[in-house]
Amino acid sequence: TVLLAEDDDEIRGHLVRRLAQEGYTVSPCRNAMELESVILRMVAVGAPVLHRMVVLSSFLEWHRPGLEVIADLRQRGIRLPLLIMTDPA
């Protein structure tokens, strides 16, 4: 399962479709705060999160930066594989 955080609806939709074509189950989130909420809910109900991967796209443009959310989760002992995608422009 991939937890995908992307604030642009069009880009998020494209990434969800492409990842699904590759056989992944995708849980899309609109921003880093929503991503954090999803992960914390999963932990609260005892859902396994370790086999999931987090993909942050355009993480520098969010109200709460994606890296800050990941750092907070790691401080709580929640460690997930992480892939960061960003536009170099």
# chains A, B, ... in the order shown; residues from 1 in each chain; ligands from 1
>>> select_by_dssp(residues="range 20-76 of chain A", states="helix (DSSP H, G or I)", output="mmCIF file with C-alpha atoms, in the first residue's frame")
data_model
loop_
_atom_site.group_PDB
_atom_site.id
_atom_site.type_symbol
_atom_site.label_atom_id
_atom_site.label_comp_id
_atom_site.auth_asym_id
_atom_site.auth_seq_id
_atom_site.Cartn_x
_atom_site.Cartn_y
_atom_site.Cartn_z
ATOM 1 C CA ALA A 20 -2.566 1.357 -9.457
ATOM 2 C CA GLN A 21 -1.495 0.254 -12.957
ATOM 3 C CA ALA A 32 0.814 16.454 4.816
ATOM 4 C CA MET A 33 -1.658 17.107 7.631
ATOM 5 C CA GLU A 34 -4.174 14.703 6.101
ATOM 6 C CA LEU A 35 -1.397 12.154 5.639
ATOM 7 C CA GLU A 36 -0.432 12.439 9.301
ATOM 8 C CA SER A 37 -4.062 12.041 10.355
ATOM 9 C CA VAL A 38 -4.461 8.883 8.244
ATOM 10 C CA ILE A 39 -1.286 7.335 9.656
ATOM 11 C CA LEU A 40 -2.175 8.189 13.269
ATOM 12 C CA ARG A 41 -5.681 6.697 12.829
ATOM 13 C CA MET A 42 -4.116 3.516 11.453
ATOM 14 C CA VAL A 43 -1.788 3.293 14.444
ATOM 15 C CA ALA A 44 -4.638 4.017 16.883
ATOM 16 C CA PHE A 59 6.158 18.661 -0.100
ATOM 17 C CA LEU A 60 7.706 22.126 0.139
ATOM 18 C CA GLU A 61 4.468 23.877 -0.840
ATOM 19 C CA GLY A 66 5.827 17.019 4.677
ATOM 20 C CA LEU A 67 9.255 16.544 6.200
ATOM 21 C CA GLU A 68 8.028 18.062 9.480
ATOM 22 C CA VAL A 69 5.175 15.549 9.564
ATOM 23 C CA ILE A 70 7.556 12.665 8.860
ATOM 24 C CA ALA A 71 9.906 13.895 11.615
ATOM 25 C CA ASP A 72 6.979 14.066 14.079
ATOM 26 C CA LEU A 73 5.884 10.542 13.151
ATOM 27 C CA ARG A 74 9.410 9.221 13.594
ATOM 28 C CA GLN A 75 9.628 10.843 17.028
#
>>> select_by_dssp(residues="range 1-87 of chain A", states="strand (DSSP E or B)", output="PyMOL selection string")
chain A and resi 2-5+26-29+53-57+82-85
>>> atom_distance(atom1="CA of Tyr24 in chain A", atom2="CA of Leu3 in chain A")
10.1 Å
>>> atom_distance(atom1="CA of Ile78 in chain A", atom2="CA of His14 in chain A")
27.8 Å
>>> atom_distance(atom1="CA of Ala47 in chain A", atom2="CA of Leu80 in chain A")
13.4 Å
>>> closest_residue(among="A:Arg79, A:Gly46, A:Met53, A:Leu15", to="Thr1 in chain A", atoms="only C-alpha atoms")
A:Met53
>>> closest_residue(among="A:Leu82, A:Arg30, A:Arg18, A:Glu6", to="Arg52 in chain A", atoms="only C-alpha atoms")
A:Leu82
>>> closest_residue(among="A:Asn31, A:Leu56, A:Val2, A:Met85", to="Leu19 in chain A", atoms="only C-alpha atoms")
A:Val2
>>> closest_residue(among="A:Val16, A:Ile11, A:Val45, A:Val26", to="Thr86 in chain A", atoms="only C-alpha atoms")
A:Ile11
